[in-house]
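Peer 1: This is target-v9.cif, which holds mmCIF, C-alpha atoms and all ligand atoms:
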```cif
data_data
loop_
_atom_site.label_atom_id
_atom_site.label_comp_id
_atom_site.auth_asym_id
_atom_site.auth_seq_id
_atom_site.Cartn_x
_atom_site.Cartn_y
_atom_site.Cartn_z
CA MET A 162 69.52 97.61 78.03
CA VAL A 163 71.89 95.60 75.88
CA LYS A 164 73.07 97.78 73.04
CA GLY A 165 74.60 95.18 70.75
CA ARG A 166 77.46 96.49 68.67
CA ASN A 167 78.23 93.60 66.43
CA GLY A 168 81.36 94.11 64.44
CA MET A 169 82.88 96.57 66.91
CA ILE A 170 86.55 96.13 67.76
CA LEU A 171 87.20 97.41 71.24
CA ILE A 172 90.69 97.49 72.71
CA LEU A 173 91.01 97.76 76.47
CA LEU A 174 94.35 99.23 77.52
CA GLY A 175 95.75 99.90 80.96
CA ALA A 176 98.45 98.96 83.42
CA PRO A 177 98.29 95.56 85.07
CA GLY A 178 95.66 95.86 87.80
CA ALA A 179 93.87 98.77 86.13
CA GLY A 180 90.68 96.71 86.15
CA LYS A 181 90.69 95.47 82.54
CA GLY A 182 89.45 91.97 83.40
CA THR A 183 86.68 93.25 85.67
CA GLN A 184 85.46 95.79 83.14
CA ALA A 185 85.84 93.35 80.25
CA GLU A 186 83.25 91.05 81.86
CA ARG A 187 80.73 93.89 81.91
CA LEU A 188 81.63 95.20 78.44
CA VAL A 189 81.20 91.88 76.63
CA GLU A 190 77.76 91.52 78.13
CA GLU A 191 76.64 95.09 77.50
CA TYR A 192 77.93 95.31 73.92
CA ARG A 193 77.73 91.62 72.97
CA LEU A 194 81.36 91.16 72.10
CA HIS A 195 83.63 88.14 72.01
CA HIS A 196 86.28 88.45 74.69
CA LEU A 197 89.91 87.68 74.04
CA SER A 198 92.20 88.07 77.03
CA THR A 199 95.67 87.13 75.79
CA GLY A 200 96.87 86.77 79.41
CA GLU A 201 94.05 84.36 80.22
CA LEU A 202 94.68 82.40 77.03
CA LEU A 203 98.37 82.08 77.87
CA ARG A 204 97.64 81.06 81.48
CA THR A 205 95.28 78.35 80.23
CA ALA A 206 97.96 77.11 77.83
CA ALA A 207 100.52 77.14 80.67
CA ALA A 208 98.20 75.17 82.98
CA ALA A 209 97.66 72.63 80.17
CA GLY A 210 101.44 72.31 79.75
CA SER A 211 101.37 72.78 75.97
CA ASN A 212 104.53 73.91 74.16
CA LEU A 213 103.07 77.39 73.78
CA GLY A 214 102.12 77.38 77.46
CA LYS A 215 105.56 76.34 78.67
CA LEU A 216 107.25 78.95 76.53
CA ALA A 217 104.79 81.68 77.57
CA LYS A 218 105.12 80.82 81.26
CA SER A 219 108.85 81.44 81.22
CA TYR A 220 108.21 85.05 80.15
CA MET A 221 105.13 85.57 82.31
CA ASP A 222 106.75 84.39 85.54
CA ASP A 223 109.56 86.82 84.89
CA GLY A 224 107.16 89.75 84.36
CA GLN A 225 108.23 90.06 80.70
CA LEU A 226 106.10 90.15 77.55
CA VAL A 227 105.69 87.06 75.39
CA PRO A 228 107.35 87.74 71.97
CA ASP A 229 105.26 89.66 69.44
CA ASP A 230 105.35 86.97 66.72
CA ILE A 231 103.76 84.41 69.06
CA ILE A 232 101.05 86.81 70.16
CA LEU A 233 100.32 87.97 66.60
CA SER A 234 99.90 84.42 65.35
CA ILE A 235 97.36 83.78 68.15
CA ILE A 236 95.49 86.94 67.14
CA ARG A 237 95.55 85.99 63.45
CA SER A 238 93.88 82.64 64.18
CA TYR A 239 91.35 84.26 66.49
CA LEU A 240 90.36 86.82 63.84
CA ASP A 241 90.05 84.05 61.24
CA GLU A 242 87.63 82.23 63.53
CA HIS A 243 85.59 85.36 64.27
CA GLN A 244 85.51 87.13 60.93
CA GLY A 245 83.47 90.35 60.98
CA GLU A 246 82.36 89.80 64.57
CA GLY A 247 82.62 92.18 67.51
CA ILE A 248 85.66 91.55 69.69
CA LEU A 249 86.99 92.96 72.91
CA PHE A 250 90.77 92.70 73.13
CA ASP A 251 91.88 92.67 76.74
CA GLY A 252 95.63 92.89 77.33
CA PHE A 253 96.40 93.13 73.61
CA PRO A 254 98.11 94.94 71.94
CA ARG A 255 100.99 95.44 74.39
CA THR A 256 103.64 96.84 72.03
CA VAL A 257 103.70 99.15 69.03
CA ALA A 258 104.66 96.14 66.85
CA GLN A 259 101.50 94.33 68.02
CA ALA A 260 99.37 97.44 67.37
CA ASP A 261 100.82 97.70 63.85
CA GLY A 262 100.28 93.99 63.27
CA LEU A 263 96.67 94.27 64.38
CA SER A 264 95.87 97.25 62.19
CA GLY A 265 97.25 95.32 59.20
CA MET A 266 94.91 92.42 60.01
CA LEU A 267 91.82 94.57 60.53
CA ALA A 268 92.01 96.23 57.13
CA GLY A 269 90.03 99.41 57.71
CA ARG A 270 87.61 98.13 60.40
CA LYS A 271 86.63 100.67 63.01
CA VAL A 272 88.61 100.32 66.21
CA VAL A 273 87.83 102.01 69.51
CA THR A 274 90.55 102.06 72.15
CA LEU A 275 89.75 102.60 75.77
CA ALA A 276 92.57 103.33 78.22
CA LEU A 277 91.89 102.77 81.92
CA GLU A 278 94.14 105.04 83.96
CA ILE A 279 95.28 104.39 87.53
CA PRO A 280 98.35 105.53 89.49
CA ASP A 281 101.26 103.09 89.98
CA ARG A 282 100.83 102.85 93.77
CA MET A 283 97.29 101.58 93.18
CA VAL A 284 98.61 98.94 90.76
CA ILE A 285 100.87 97.57 93.48
CA ASP A 286 98.10 97.59 96.14
CA ARG A 287 95.54 95.98 93.85
CA LEU A 288 97.77 93.26 92.43
CA SER A 289 99.20 92.25 95.79
CA ALA A 290 95.64 91.80 97.08
CA ARG A 291 94.27 90.08 93.94
CA ARG A 292 92.94 86.55 94.12
CA VAL A 293 91.51 84.71 91.12
CA CYS A 294 89.10 81.78 90.88
CA ARG A 295 90.88 78.81 89.36
CA SER A 296 87.63 77.67 87.81
CA CYS A 297 85.82 80.72 86.36
CA GLY A 298 88.55 83.40 86.47
CA LYS A 299 86.52 85.79 88.63
CA VAL A 300 88.72 88.35 90.35
CA TYR A 301 88.57 89.21 94.07
CA ASN A 302 90.50 91.64 96.24
CA THR A 303 91.46 90.66 99.79
CA ALA A 304 91.18 94.30 100.88
CA SER A 305 87.63 94.73 99.57
CA GLY A 306 85.84 93.15 102.53
CA ILE A 307 83.74 90.99 100.21
CA MET A 308 85.95 87.90 100.04
CA PRO A 309 83.88 84.71 100.08
CA HIS A 310 84.31 82.44 103.11
CA GLY A 311 86.59 79.40 102.94
CA GLY A 312 88.79 80.66 100.10
CA ARG A 313 86.34 79.39 97.44
CA CYS A 314 84.64 81.35 94.66
CA ASN A 315 80.89 82.06 94.67
CA CYS A 316 80.59 80.52 91.20
CA GLY A 317 78.79 77.22 90.69
CA ASP A 318 82.08 75.28 90.73
CA GLY A 319 83.24 76.85 94.02
CA GLY A 320 86.72 77.14 92.50
CA GLU A 321 89.81 77.68 94.64
CA LEU A 322 90.92 81.31 94.93
CA TYR A 323 94.61 81.61 94.19
CA GLN A 324 97.28 84.27 93.79
CA ARG A 325 98.71 84.45 90.28
CA ASP A 326 102.41 83.57 90.03
CA ASP A 327 103.07 87.00 88.53
CA ASP A 328 101.21 88.89 91.29
CA HIS A 329 104.14 88.79 93.72
CA PRO A 330 105.89 92.11 94.58
CA GLU A 331 109.10 91.66 92.54
CA THR A 332 107.22 90.56 89.42
CA ILE A 333 104.60 93.30 89.83
CA ARG A 334 107.40 95.88 89.83
CA LYS A 335 108.86 94.42 86.62
CA ARG A 336 105.44 94.29 84.94
CA LEU A 337 104.91 97.96 85.73
CA GLU A 338 108.28 98.84 84.21
CA VAL A 339 107.40 96.83 81.11
CA PHE A 340 104.05 98.62 80.92
CA HIS A 341 105.61 102.08 81.01
CA LYS A 342 108.34 101.20 78.55
CA GLN A 343 106.62 98.95 76.03
CA THR A 344 102.86 99.39 76.35
CA GLU A 345 102.36 103.06 77.25
CA PRO A 346 103.67 104.22 73.84
CA ILE A 347 100.66 102.62 72.18
CA ILE A 348 98.38 104.99 74.05
CA SER A 349 99.82 107.86 72.01
CA TYR A 350 99.82 105.58 68.93
CA TYR A 351 96.00 105.35 69.16
CA ARG A 352 95.60 108.96 70.28
CA ARG A 353 97.35 110.12 67.09
CA ARG A 354 94.86 108.06 65.10
CA GLY A 355 91.93 109.72 66.90
CA ALA A 356 90.81 106.35 68.27
CA LEU A 357 91.50 106.82 71.98
CA ARG A 358 89.12 107.38 74.89
CA THR A 359 90.56 107.60 78.41
CA VAL A 360 88.72 106.71 81.59
CA ASN A 361 89.69 107.15 85.24
CA GLY A 362 89.99 103.61 86.59
CA ASP A 363 90.07 104.65 90.26
CA GLY A 364 86.76 103.71 91.83
CA ALA A 365 84.31 100.91 92.46
CA PRO A 366 83.78 98.62 89.42
CA ASP A 367 80.22 99.89 88.79
CA GLU A 368 81.36 103.48 89.01
CA VAL A 369 84.19 102.87 86.51
CA PHE A 370 81.82 101.00 84.20
CA ALA A 371 79.42 103.98 84.19
CA ARG A 372 82.36 106.19 83.11
CA ILE A 373 83.24 103.73 80.36
CA LYS A 374 79.72 103.67 78.95
CA LYS A 375 79.70 107.46 78.92
CA ALA A 376 83.06 107.51 77.12
CA LEU A 377 81.80 105.05 74.51
CA GLY A 378 78.72 107.26 73.97
P1 LIG A 401 97.63 89.88 81.83
O1 LIG A 401 96.74 88.79 82.29
O2 LIG A 401 97.04 90.68 80.71
O3 LIG A 401 98.10 90.77 82.97
O4 LIG A 401 98.94 89.19 81.22
C1 LIG A 401 99.77 88.40 82.02
C2 LIG A 401 101.08 88.15 81.29
O5 LIG A 401 100.84 87.46 80.07
C3 LIG A 401 101.85 89.40 80.89
O6 LIG A 401 102.66 89.91 81.94
C4 LIG A 401 102.69 88.86 79.73
O7 LIG A 401 103.78 88.09 80.19
C5 LIG A 401 101.72 87.91 79.04
N1 LIG A 401 100.90 88.61 78.01
C6 LIG A 401 99.56 88.79 78.00
N2 LIG A 401 99.17 89.44 76.91
C7 LIG A 401 100.29 89.71 76.20
C8 LIG A 401 100.56 90.39 74.97
N3 LIG A 401 99.57 90.95 74.24
N4 LIG A 401 101.84 90.45 74.56
C9 LIG A 401 102.86 89.89 75.26
N5 LIG A 401 102.68 89.25 76.42
C10 LIG A 401 101.41 89.16 76.90
#
```
How does this structure look as structure tokens?

Peer 2:
Amino acid sequence: MVKGRNGMILILLGAPGAGKGTQAERLVEEYRLHHLSTGELLRTAAAAGSNLGKLAKSYMDDGQLVPDDIILSIIRSYLDEHQGEGILFDGFPRTVAQADGLSGMLAGRKVVTLALEIPDRMVIDRLSARRVCRSCGKVYNTASGIMPHGGRCNCGDGGELYQRDDDHPETIRKRLEVFHKQTEPIISYYRRRGALRTVNGDGAPDEVFARIKKALG
């Protein structure tokens, strides 16, 4: 049954490859939330060749984070467009400065933070095997045994399945380092505020989703 939690702000945290995108798809449907994936937004801007996209791509391809002021101005506009509505943030915040910036913008609204936990070796295995539909963004794993035939997505558009530029071994390693150094501290930031739920992200997507629903109560 769809629960409908309008007005809820849900933050999905986790290392690259923890399953945020996969779980986000299920969460937005179950809890009727808008979905903002900052990574997806930046990739779309990069593909369109906008100034923002070109700038973002230079950081993304190097496995580094896009500067906080750019990200926070994107978030500010998004919140202006979706005032009072339920939002799932996927891949944001990534630094303590972004978390601080967000709490200033939310002015007392209830925030729930969900951290998906997986070991580093699983990050490397998952990201190296990840393929994404160029059309709908659906994520596949070449090791899962359920890859569609012909390298095309099962979606209506039959989009090409491609490997993200930042899913190559050297960049994956850098992204993991960045995660531990810059993003992991915000897990304790939210824990201190009593707003953190942690979920084991090791398992089949449905299994992990069942854990998430339990954690959200
Ligand atoms: P993702 O799709 O979440 O794995 O993000 C891919 C890349 O986009 C990251 O490695 C960063 O370069 C950039 N990115 C996405 N979200 C953020 C953010 N909140 N802050 C800074 N950079 C970001």

Peer 1: In Å, rounded to a single decimal, give me how far CA of Thr205 (chain A) is from CA of Gly224 (chain A).

Peer 2: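 CA of Thr205 (chain A) lies at a distance of 17.0 Å from CA of Gly224 (chain A).
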
Peer 1: What do you get as a VMD selection string if you pick all residues at most 8 Å from ligand LIG 401 (chain A), counting all atoms listed in the file?

Peer 2: chain A and resid 177 to 178 198 to 201 203 to 204 217 to 218 220 to 229 232 251 to 256 259 327 336

Peer 1: For CA of Ser289 (chain A) and CA of Leu337 (chain A), determine how far apart the two atoms are, in Å to one decimal place.

Peer 2: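 So the answer is 12.9 Å.
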
Peer 1: So which one's closest to His195 (chain A), A:Gly262, A:Pro366, A:Gly269, A:Gly168? Using only C-alpha atoms, please.

Peer 2: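 Checking each of A:Gly262, A:Pro366, A:Gly269, A:Gly168 against His195 (chain A), counting only C-alpha atoms, the winner is A:Gly168.
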
Peer 1: Would you compute the distance between CA of Lys215 (chain A) and CA of Ala176 (chain A)? Give it in Å to one decimal.

Peer 2: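 So the two atoms, CA of Lys215 (chain A) and CA of Ala176 (chain A), lie 24.2 Å apart.
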
Peer 1: Which residue out of A:Gly312, A:Gly378, A:Gly306, A:Gly362 has the minimum interatomic distance to Val293 (chain A) when all atoms listed in the file are used?

Peer 2: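 Smallest distance to Val293 (chain A) is found for A:Gly312.
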